[in-house]
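Engineer: Quick one, coords_5.cif (mmCIF, C-alpha atoms):
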```cif
data_run
loop_
_atom_site.group_PDB
_atom_site.id
_atom_site.type_symbol
_atom_site.label_atom_id
_atom_site.label_comp_id
_atom_site.auth_asym_id
_atom_site.auth_seq_id
_atom_site.Cartn_x
_atom_site.Cartn_y
_atom_site.Cartn_z
ATOM 1 C CA MET A 7 17.377 38.874 11.071
ATOM 2 C CA LYS A 8 15.199 41.176 13.126
ATOM 3 C CA ARG A 9 12.101 40.249 11.195
ATOM 4 C CA LEU A 10 12.672 36.499 11.238
ATOM 5 C CA ILE A 11 10.104 34.351 13.021
ATOM 6 C CA VAL A 12 10.312 30.579 13.151
ATOM 7 C CA GLY A 13 6.897 28.999 13.723
ATOM 8 C CA VAL A 14 5.835 25.421 14.464
ATOM 9 C CA MET A 15 9.518 24.723 14.972
ATOM 10 C CA VAL A 16 11.187 21.505 15.951
ATOM 11 C CA LEU A 17 14.828 22.021 16.909
ATOM 12 C CA VAL A 18 16.859 18.894 17.417
ATOM 13 C CA ILE A 19 20.529 18.577 18.362
ATOM 14 C CA PHE A 20 22.167 15.522 16.765
ATOM 15 C CA PHE A 21 25.345 13.810 17.924
ATOM 16 C CA LEU A 22 25.284 11.298 15.106
ATOM 17 C CA TRP A 23 28.391 10.358 13.214
ATOM 18 C CA THR A 24 28.951 7.332 11.038
ATOM 19 C CA PRO A 25 32.334 6.583 9.446
ATOM 20 C CA GLY A 26 32.157 6.662 5.670
ATOM 21 C CA PHE A 27 29.463 9.341 5.404
ATOM 22 C CA SER A 28 30.473 12.723 3.985
ATOM 23 C CA GLN A 29 29.182 15.844 5.741
ATOM 24 C CA GLU A 30 26.758 16.419 2.851
ATOM 25 C CA ASP A 31 25.408 12.871 3.164
ATOM 26 C CA LYS A 32 25.043 13.388 6.904
ATOM 27 C CA ILE A 33 22.964 16.551 6.415
ATOM 28 C CA VAL A 34 20.523 14.695 4.146
ATOM 29 C CA ARG A 35 20.379 11.698 6.444
ATOM 30 C CA VAL A 36 19.659 13.883 9.476
ATOM 31 C CA ALA A 37 16.887 15.662 7.536
ATOM 32 C CA ILE A 38 15.248 12.349 6.634
ATOM 33 C CA GLU A 39 15.550 10.925 10.164
ATOM 34 C CA THR A 40 14.090 14.089 11.717
ATOM 35 C CA ALA A 41 11.159 14.132 9.292
ATOM 36 C CA ARG A 42 10.415 10.469 9.962
ATOM 37 C CA VAL A 43 10.468 10.840 13.752
ATOM 38 C CA HIS A 44 8.664 14.148 14.193
ATOM 39 C CA MET A 45 6.149 13.704 11.371
ATOM 40 C CA ARG A 46 5.557 10.111 12.547
ATOM 41 C CA ILE A 47 6.080 8.710 9.082
ATOM 42 C CA PRO A 48 5.597 4.898 9.097
ATOM 43 C CA LYS A 49 8.706 2.867 8.298
ATOM 44 C CA ALA A 50 6.969 1.340 5.291
ATOM 45 C CA MET A 51 6.407 4.755 3.724
ATOM 46 C CA GLU A 52 9.147 5.924 1.353
ATOM 47 C CA VAL A 53 10.904 9.261 1.897
ATOM 48 C CA GLN A 54 12.855 10.447 -1.163
ATOM 49 C CA PHE A 55 15.651 13.029 -1.189
ATOM 50 C CA ILE A 56 15.006 15.672 -3.875
ATOM 51 C CA GLU A 57 17.617 18.432 -3.426
ATOM 52 C CA LYS A 58 19.865 20.289 -0.960
ATOM 53 C CA LYS A 59 20.732 23.974 -1.229
ATOM 54 C CA LYS A 60 21.671 27.018 0.864
ATOM 55 C CA SER A 61 18.651 28.295 2.751
ATOM 56 C CA PRO A 62 17.457 31.851 3.566
ATOM 57 C CA LEU A 63 18.429 31.055 7.163
ATOM 58 C CA VAL A 64 22.148 31.851 7.539
ATOM 59 C CA GLY A 65 24.243 28.782 8.338
ATOM 60 C CA PHE A 66 21.512 26.321 7.353
ATOM 61 C CA TYR A 67 20.856 24.142 4.308
ATOM 62 C CA SER A 68 17.388 23.646 2.856
ATOM 63 C CA VAL A 69 16.752 19.939 2.213
ATOM 64 C CA LYS A 70 13.732 19.044 0.106
ATOM 65 C CA LEU A 71 12.196 15.617 0.643
ATOM 66 C CA MET A 72 9.228 13.841 -0.914
ATOM 67 C CA VAL A 73 7.039 11.658 1.284
ATOM 68 C CA LEU A 74 5.207 9.026 -0.752
ATOM 69 C CA THR A 75 1.875 8.276 0.886
ATOM 70 C CA PRO A 76 -0.359 5.726 -0.852
ATOM 71 C CA ASP A 77 -2.359 8.442 -2.622
ATOM 72 C CA LYS A 78 -0.109 11.532 -2.640
ATOM 73 C CA GLU A 79 3.396 12.846 -3.138
ATOM 74 C CA VAL A 80 3.911 15.235 -0.217
ATOM 75 C CA PRO A 81 6.899 17.643 -0.390
ATOM 76 C CA VAL A 82 8.634 18.577 2.867
ATOM 77 C CA ILE A 83 11.386 21.114 3.586
ATOM 78 C CA VAL A 84 13.830 20.466 6.442
ATOM 79 C CA TYR A 85 16.453 23.039 7.484
ATOM 80 C CA VAL A 86 19.743 21.563 8.732
ATOM 81 C CA ASP A 87 22.749 23.556 9.908
ATOM 82 C CA GLU A 88 26.192 23.097 8.340
ATOM 83 C CA ALA A 89 27.372 20.885 11.211
ATOM 84 C CA ALA A 90 24.297 18.673 10.847
ATOM 85 C CA GLU A 91 23.547 19.188 14.535
ATOM 86 C CA LYS A 92 20.578 21.580 14.494
ATOM 87 C CA VAL A 93 17.387 20.941 12.581
ATOM 88 C CA ILE A 94 14.303 23.056 11.970
ATOM 89 C CA LEU A 95 11.160 21.317 10.752
ATOM 90 C CA GLY A 96 7.964 23.264 10.216
ATOM 91 C CA SER A 97 7.032 26.775 9.133
ATOM 92 C CA LEU A 98 9.799 29.299 8.502
ATOM 93 C CA ILE A 99 8.314 32.805 8.285
ATOM 94 C CA ILE A 100 10.447 35.612 6.849
ATOM 95 C CA LYS A 101 8.902 39.062 6.324
ATOM 96 C CA GLY A 102 5.448 37.590 6.709
ATOM 97 C CA GLU A 103 5.958 34.818 4.145
ATOM 98 C CA ASP A 104 6.178 31.099 4.939
ATOM 99 C CA VAL A 105 9.295 30.304 2.903
ATOM 100 C CA ALA A 106 9.237 26.632 3.912
ATOM 101 C CA LEU A 107 5.764 26.234 2.430
ATOM 102 C CA LYS A 108 6.771 28.198 -0.681
ATOM 103 C CA GLU A 109 9.901 26.058 -1.212
ATOM 104 C CA ALA A 110 8.049 22.805 -0.683
ATOM 105 C CA GLY A 111 5.085 23.476 -2.974
ATOM 106 C CA GLY A 112 1.818 21.588 -2.798
ATOM 107 C CA ALA A 113 1.104 17.883 -2.586
ATOM 108 C CA LYS A 114 0.251 16.073 -5.819
ATOM 109 C CA PRO A 115 -1.880 12.995 -6.489
ATOM 110 C CA ARG A 116 0.263 9.901 -6.854
ATOM 111 C CA LYS A 117 0.046 7.835 -10.042
ATOM 112 C CA PHE A 118 1.175 4.215 -9.979
ATOM 113 C CA ASP A 119 2.591 2.273 -12.894
ATOM 114 C CA MET A 120 0.185 -0.673 -13.080
ATOM 115 C CA ARG A 121 3.034 -2.968 -14.106
ATOM 116 C CA GLN A 122 4.378 -2.847 -10.562
ATOM 117 C CA PHE A 123 1.357 -4.805 -9.328
ATOM 118 C CA GLU A 124 2.426 -7.985 -11.181
ATOM 119 C CA ILE A 125 -1.106 -8.559 -12.382
ATOM 120 C CA GLU A 126 -0.134 -11.627 -14.402
ATOM 121 C CA LYS A 127 0.480 -13.549 -11.158
ATOM 122 C CA SER A 128 -2.988 -12.901 -9.755
ATOM 123 C CA ALA A 129 -6.473 -14.286 -10.205
ATOM 124 C CA ILE A 130 -8.527 -12.093 -12.533
ATOM 125 C CA ARG A 131 -12.259 -11.615 -12.927
ATOM 126 C CA GLY A 132 -14.030 -9.816 -15.737
ATOM 127 C CA ASN A 133 -12.494 -8.889 -19.087
ATOM 128 C CA ARG A 134 -8.706 -9.377 -19.232
ATOM 129 C CA GLU A 135 -8.513 -6.833 -22.067
ATOM 130 C CA ALA A 136 -10.655 -4.174 -20.364
ATOM 131 C CA ASN A 137 -9.451 -0.569 -20.223
ATOM 132 C CA VAL A 138 -10.350 -0.269 -16.541
ATOM 133 C CA THR A 139 -8.167 -2.324 -14.192
ATOM 134 C CA ILE A 140 -9.103 -2.582 -10.519
ATOM 135 C CA VAL A 141 -6.478 -3.994 -8.155
ATOM 136 C CA GLU A 142 -7.756 -4.763 -4.671
ATOM 137 C CA PHE A 143 -5.586 -5.739 -1.695
ATOM 138 C CA SER A 144 -7.800 -7.794 0.568
ATOM 139 C CA ASN A 145 -7.936 -10.579 3.130
ATOM 140 C CA PHE A 146 -10.569 -13.053 4.188
ATOM 141 C CA ARG A 147 -10.701 -12.172 7.895
ATOM 142 C CA CYS A 148 -11.504 -8.512 7.203
ATOM 143 C CA SER A 149 -15.203 -7.695 7.530
ATOM 144 C CA TYR A 150 -14.719 -4.507 5.495
ATOM 145 C CA CYS A 151 -13.176 -6.630 2.731
ATOM 146 C CA GLN A 152 -16.275 -8.814 2.732
ATOM 147 C CA LEU A 153 -18.458 -5.727 2.282
ATOM 148 C CA SER A 154 -16.132 -4.430 -0.427
ATOM 149 C CA TRP A 155 -16.381 -7.703 -2.338
ATOM 150 C CA SER A 156 -20.175 -7.669 -2.022
ATOM 151 C CA LYS A 157 -20.231 -4.310 -3.839
ATOM 152 C CA MET A 158 -17.506 -5.298 -6.300
ATOM 153 C CA GLU A 159 -19.355 -8.468 -7.281
ATOM 154 C CA LYS A 160 -22.421 -6.421 -8.227
ATOM 155 C CA MET A 161 -20.270 -4.035 -10.271
ATOM 156 C CA LEU A 162 -18.707 -6.965 -12.111
ATOM 157 C CA GLU A 163 -22.125 -8.397 -12.900
ATOM 158 C CA LYS A 164 -23.163 -5.046 -14.333
ATOM 159 C CA HIS A 165 -19.937 -3.992 -16.084
ATOM 160 C CA SER A 166 -17.987 -7.238 -16.583
ATOM 161 C CA PRO A 167 -16.970 -6.511 -20.224
ATOM 162 C CA MET A 168 -15.483 -3.171 -19.156
ATOM 163 C CA ILE A 169 -13.622 -4.175 -15.984
ATOM 164 C CA ARG A 170 -10.547 -6.252 -15.196
ATOM 165 C CA TYR A 171 -10.639 -7.049 -11.465
ATOM 166 C CA VAL A 172 -7.412 -8.277 -9.840
ATOM 167 C CA PHE A 173 -7.302 -9.812 -6.359
ATOM 168 C CA LYS A 174 -4.178 -9.333 -4.228
ATOM 169 C CA HIS A 175 -3.620 -11.138 -0.944
ATOM 170 C CA PHE A 176 -2.768 -8.848 1.945
ATOM 171 C CA PRO A 177 -3.363 -10.710 5.221
ATOM 172 C CA LEU A 178 -2.890 -8.613 8.355
ATOM 173 C CA GLN A 179 -0.988 -9.863 11.392
ATOM 174 C CA SER A 180 -3.623 -8.344 13.662
ATOM 175 C CA LEU A 181 -6.286 -10.684 12.256
ATOM 176 C CA LYS A 182 -5.928 -14.239 13.521
ATOM 177 C CA ARG A 183 -5.464 -16.926 10.839
ATOM 178 C CA SER A 184 -5.593 -14.273 8.119
ATOM 179 C CA PHE A 185 -2.370 -15.506 6.512
ATOM 180 C CA GLU A 186 -3.378 -19.178 6.646
ATOM 181 C CA LEU A 187 -6.643 -18.444 4.827
ATOM 182 C CA SER A 188 -4.800 -16.546 2.088
ATOM 183 C CA GLU A 189 -2.354 -19.437 1.844
ATOM 184 C CA ILE A 190 -5.217 -21.906 1.314
ATOM 185 C CA ALA A 191 -6.838 -19.742 -1.381
ATOM 186 C CA ALA A 192 -3.483 -19.167 -3.097
ATOM 187 C CA SER A 193 -2.844 -22.920 -3.118
ATOM 188 C CA ALA A 194 -6.194 -23.385 -4.841
ATOM 189 C CA GLN A 195 -5.092 -20.830 -7.432
ATOM 190 C CA ILE A 196 -2.357 -23.275 -8.500
ATOM 191 C CA LEU A 197 -5.247 -25.242 -10.045
ATOM 192 C CA GLY A 198 -6.368 -22.173 -12.021
ATOM 193 C CA ASP A 199 -8.424 -19.035 -11.564
ATOM 194 C CA ASP A 200 -11.713 -20.949 -11.453
ATOM 195 C CA ALA A 201 -10.542 -22.917 -8.414
ATOM 196 C CA PHE A 202 -9.364 -19.746 -6.699
ATOM 197 C CA TRP A 203 -12.650 -17.899 -7.257
ATOM 198 C CA LEU A 204 -14.601 -20.912 -5.971
ATOM 199 C CA ILE A 205 -12.756 -20.670 -2.644
ATOM 200 C CA HIS A 206 -12.634 -16.859 -2.645
ATOM 201 C CA ASP A 207 -16.401 -16.566 -3.044
ATOM 202 C CA PHE A 208 -17.013 -19.185 -0.372
ATOM 203 C CA PHE A 209 -14.698 -17.515 2.160
ATOM 204 C CA PHE A 210 -16.531 -14.206 1.658
ATOM 205 C CA SER A 211 -20.001 -15.815 1.871
ATOM 206 C CA PRO A 212 -21.970 -15.768 5.163
ATOM 207 C CA GLU A 213 -21.395 -19.521 5.522
ATOM 208 C CA GLY A 214 -17.699 -19.146 4.781
ATOM 209 C CA GLN A 215 -17.264 -16.298 7.277
ATOM 210 C CA VAL A 216 -18.569 -18.612 9.988
ATOM 211 C CA LEU A 217 -16.382 -21.545 8.910
ATOM 212 C CA ILE A 218 -13.110 -19.609 8.746
ATOM 213 C CA ARG A 219 -13.300 -19.098 12.500
ATOM 214 C CA GLU A 220 -12.843 -22.852 12.952
ATOM 215 C CA GLU A 221 -9.482 -24.626 13.150
ATOM 216 C CA MET A 222 -7.507 -24.573 9.910
ATOM 217 C CA SER A 223 -7.806 -28.354 9.590
ATOM 218 C CA VAL A 224 -11.603 -27.943 9.401
ATOM 219 C CA VAL A 225 -11.296 -25.160 6.832
ATOM 220 C CA THR A 226 -8.835 -27.131 4.706
ATOM 221 C CA ARG A 227 -11.043 -30.216 4.741
ATOM 222 C CA LYS A 228 -14.028 -28.157 3.554
ATOM 223 C CA VAL A 229 -11.944 -26.614 0.766
ATOM 224 C CA GLU A 230 -10.800 -30.071 -0.360
ATOM 225 C CA GLU A 231 -14.431 -31.246 -0.469
ATOM 226 C CA MET A 232 -15.433 -28.239 -2.560
ATOM 227 C CA LEU A 233 -12.564 -28.669 -5.013
ATOM 228 C CA ASN A 234 -13.235 -32.377 -5.350
ATOM 229 C CA ALA A 235 -16.960 -31.764 -5.993
ATOM 230 C CA LYS A 236 -16.025 -29.483 -8.916
ATOM 231 C CA GLY A 237 -13.574 -31.983 -10.384
ATOM 232 C CA PHE A 238 -10.350 -30.216 -9.401
ATOM 233 C CA ASP A 239 -7.184 -32.148 -8.561
ATOM 234 C CA VAL A 240 -7.181 -32.165 -4.758
ATOM 235 C CA LYS A 241 -3.744 -33.794 -4.578
ATOM 236 C CA THR A 242 -2.211 -30.870 -6.475
ATOM 237 C CA PHE A 243 -3.899 -28.486 -4.044
ATOM 238 C CA LYS A 244 -2.504 -30.401 -1.051
ATOM 239 C CA ASP A 245 0.965 -30.444 -2.570
ATOM 240 C CA ALA A 246 0.834 -26.676 -3.190
ATOM 241 C CA LEU A 247 -0.231 -26.067 0.398
ATOM 242 C CA GLU A 248 2.285 -28.422 1.990
ATOM 243 C CA SER A 249 5.233 -27.472 -0.235
ATOM 244 C CA GLY A 250 4.804 -23.743 0.366
ATOM 245 C CA LYS A 251 3.756 -22.796 -3.174
ATOM 246 C CA GLY A 252 0.632 -21.106 -1.811
ATOM 247 C CA LYS A 253 2.668 -19.323 0.854
ATOM 248 C CA LYS A 254 5.116 -18.063 -1.791
ATOM 249 C CA ARG A 255 2.230 -16.612 -3.833
ATOM 250 C CA VAL A 256 0.884 -14.767 -0.773
ATOM 251 C CA MET A 257 4.336 -13.419 0.117
ATOM 252 C CA GLU A 258 4.726 -12.071 -3.422
ATOM 253 C CA ASP A 259 1.478 -10.100 -3.059
ATOM 254 C CA ILE A 260 2.518 -8.786 0.354
ATOM 255 C CA GLU A 261 5.828 -7.593 -1.105
ATOM 256 C CA VAL A 262 3.982 -5.774 -3.907
ATOM 257 C CA GLY A 263 1.615 -4.205 -1.363
ATOM 258 C CA ASN A 264 4.438 -3.074 0.905
ATOM 259 C CA ARG A 265 5.945 -1.088 -1.948
ATOM 260 C CA VAL A 266 2.785 1.078 -2.171
ATOM 261 C CA PRO A 267 2.668 0.878 0.886
ATOM 262 C CA ILE A 268 -0.693 -0.683 1.707
ATOM 263 C CA MET A 269 -1.619 0.429 5.235
ATOM 264 C CA GLY A 270 -4.864 -1.508 5.610
ATOM 265 C CA THR A 271 -7.511 -3.529 3.811
ATOM 266 C CA PRO A 272 -9.409 -3.242 1.600
ATOM 267 C CA SER A 273 -7.191 -0.981 -0.527
ATOM 268 C CA ILE A 274 -8.145 -0.305 -4.134
ATOM 269 C CA ILE A 275 -6.096 1.056 -7.037
ATOM 270 C CA ILE A 276 -7.847 1.858 -10.334
ATOM 271 C CA ASN A 277 -5.753 2.557 -13.431
ATOM 272 C CA GLY A 278 -2.903 3.762 -11.216
ATOM 273 C CA ASP A 279 -5.016 5.890 -8.825
ATOM 274 C CA PHE A 280 -5.184 4.949 -5.154
ATOM 275 C CA ILE A 281 -8.836 5.319 -4.117
ATOM 276 C CA ILE A 282 -9.220 6.974 -0.716
ATOM 277 C CA GLU A 283 -12.926 7.771 -0.979
ATOM 278 C CA GLU A 284 -15.665 5.174 -0.680
ATOM 279 C CA PHE A 285 -15.572 3.010 -3.781
ATOM 280 C CA ASN A 286 -19.019 2.903 -5.363
ATOM 281 C CA ASP A 287 -20.772 3.084 -8.738
ATOM 282 C CA ARG A 288 -20.239 6.827 -8.955
ATOM 283 C CA VAL A 289 -16.457 6.448 -8.591
ATOM 284 C CA LEU A 290 -16.368 3.591 -11.091
ATOM 285 C CA GLU A 291 -18.368 5.599 -13.637
ATOM 286 C CA ARG A 292 -15.611 8.234 -13.710
ATOM 287 C CA TYR A 293 -13.207 5.632 -15.070
ATOM 288 C CA LEU A 294 -15.674 3.908 -17.385
ATOM 289 C CA LYS A 295 -16.377 7.231 -19.133
ATOM 290 C CA ARG A 296 -12.738 8.070 -19.831
#
```
Show me this structure written as structure tokens.
Structural biologist:
Amino acid sequence: MKRLIVGVMVLVIFFLWTPGFSQEDKIVRVAIETARVHMRIPKAMEVQFIEKKKSPLVGFYSVKLMVLTPDKEVPVIVYVDEAAEKVILGSLIIKGEDVALKEAGGAKPRKFDMRQFEIEKSAIRGNREANVTIVEFSNFRCSYCQLSWSKMEKMLEKHSPMIRYVFKHFPLQSLKRSFELSEIAASAQILGDDAFWLIHDFFFSPEGQVLIREEMSVVTRKVEEMLNAKGFDVKTFKDALESGKGKKRVMEDIEVGNRVPIMGTPSIIINGDFIIEEFNDRVLERYLKR
């Protein structure tokens, strides 16, 4: 191995042993744990085991993993010795060639099955039969979400027959009262999509953005007044809020988002593609022309 060079190497000695795990299982588990720690992969992000085989490095196995980021499938190779005690993560250069990179291959765009977003449970705007489906994970205390909706509303006005827009609640713990606002809007949805969009549009309006900083009792009272003025059953709304029906609806959306995983708001998926660039008319046109 005179010509072997290991670059960007992380070598970790493990003293892990769990009854019930075979040595092969332990090798895979150690590979996954090392990748998570040293690549700083968030807990919410899925790491899949693809294959394990003998590596070019004597005494080591080559373990191929797939890291599922929201927009990509990223392959990673981890080298683990036969005792599952030594791990190499990074470039492995043999005779001038990075064999780790060659084994891993390149990252690929990730394509989601739109059925996993449980669209039938959500409020929908636009044409329910449209070929272009936009799923947005959003919350009412996010200023970027307000800007996103401002643009989306204009797109819907312009292309409503060609778009199915789906709103998903994804309140963030870091934003005060974010969950409670989603819970109120979701409770209004029990009365139908029209009731939900009435509250949704108000929360994202300049007036609504000021009001939602008040105590929740003030916000709830305003919502009740708005629903009553439009002839909606306020008692049913109150029951949904107090019984936890609205909370259950929000939790369902959060669970769906965590499976992506959604790392922040707003997050937009169009026809199975996670959009990482700025969402604008130019991006939408690509899907409308397909």
Engineer: As JSON, please: the centre and edge lengths in Å, to one decimal, of an axis-aligned box enclosing every listed atom of stretch 157-172 of chain A with 4 Å added on each side.
Structural biologist:
```
{"center_x": -15.3, "center_y": -5.8, "center_z": -12.0, "size_x": 23.8, "size_y": 13.3, "size_z": 24.4}
```
Engineer: My list of candidates is A:Arg183, A:Lys117, A:Lys236, A:Lys174. Which is closest to A:Ile276 when distances are computed with all atoms listed in the file?
Structural biologist: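 Comparing A:Arg183, A:Lys117, A:Lys236, A:Lys174 against A:Ile276, the winner is A:Lys117.
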Engineer: Set the distance at 10 Å and use only C-alpha atoms: which residues neighbour stretch 239-245 of chain A once local chain neighbours fewer than 4 positions away are removed? I'd like the list as a tab-separated table (two decimals) with C-alpha atoms, in the coordinates of the input.
Structural biologist:
```
chain	number	residue	atom	x	y	z
A	190	ILE	CA	-5.22	-21.91	1.31
A	191	ALA	CA	-6.84	-19.74	-1.38
A	192	ALA	CA	-3.48	-19.17	-3.10
A	193	SER	CA	-2.84	-22.92	-3.12
A	194	ALA	CA	-6.19	-23.38	-4.84
A	195	GLN	CA	-5.09	-20.83	-7.43
A	196	ILE	CA	-2.36	-23.28	-8.50
A	197	LEU	CA	-5.25	-25.24	-10.04
A	201	ALA	CA	-10.54	-22.92	-8.41
A	226	THR	CA	-8.84	-27.13	4.71
A	229	VAL	CA	-11.94	-26.61	0.77
A	230	GLU	CA	-10.80	-30.07	-0.36
A	231	GLU	CA	-14.43	-31.25	-0.47
A	232	MET	CA	-15.43	-28.24	-2.56
A	233	LEU	CA	-12.56	-28.67	-5.01
A	234	ASN	CA	-13.24	-32.38	-5.35
A	235	ALA	CA	-16.96	-31.76	-5.99
A	249	SER	CA	5.23	-27.47	-0.24
A	250	GLY	CA	4.80	-23.74	0.37
A	251	LYS	CA	3.76	-22.80	-3.17
A	252	GLY	CA	0.63	-21.11	-1.81
```
Engineer: So which one's closest to A:Phe66, A:Met257, A:Val289, A:Ile205, A:Ala89? Using only C-alpha atoms, please.
Structural biologist: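 Of the candidates, the smallest distance to A:Phe66 is held by A:Ala89.
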Engineer: Have a look at atom CA of A:Phe280 and atom CA of A:Gly263 and let me know their distance in Å, one decimal.
Structural biologist: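 Value for the atom CA of A:Phe280-atom CA of A:Gly263 distance: 12.0 Å.
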Engineer: When you count all atoms listed in the file, which of these residues is closest to A:Thr75: A:Ile275, A:Ala113, A:Ala41, A:Val34?
Structural biologist: A:Ala113
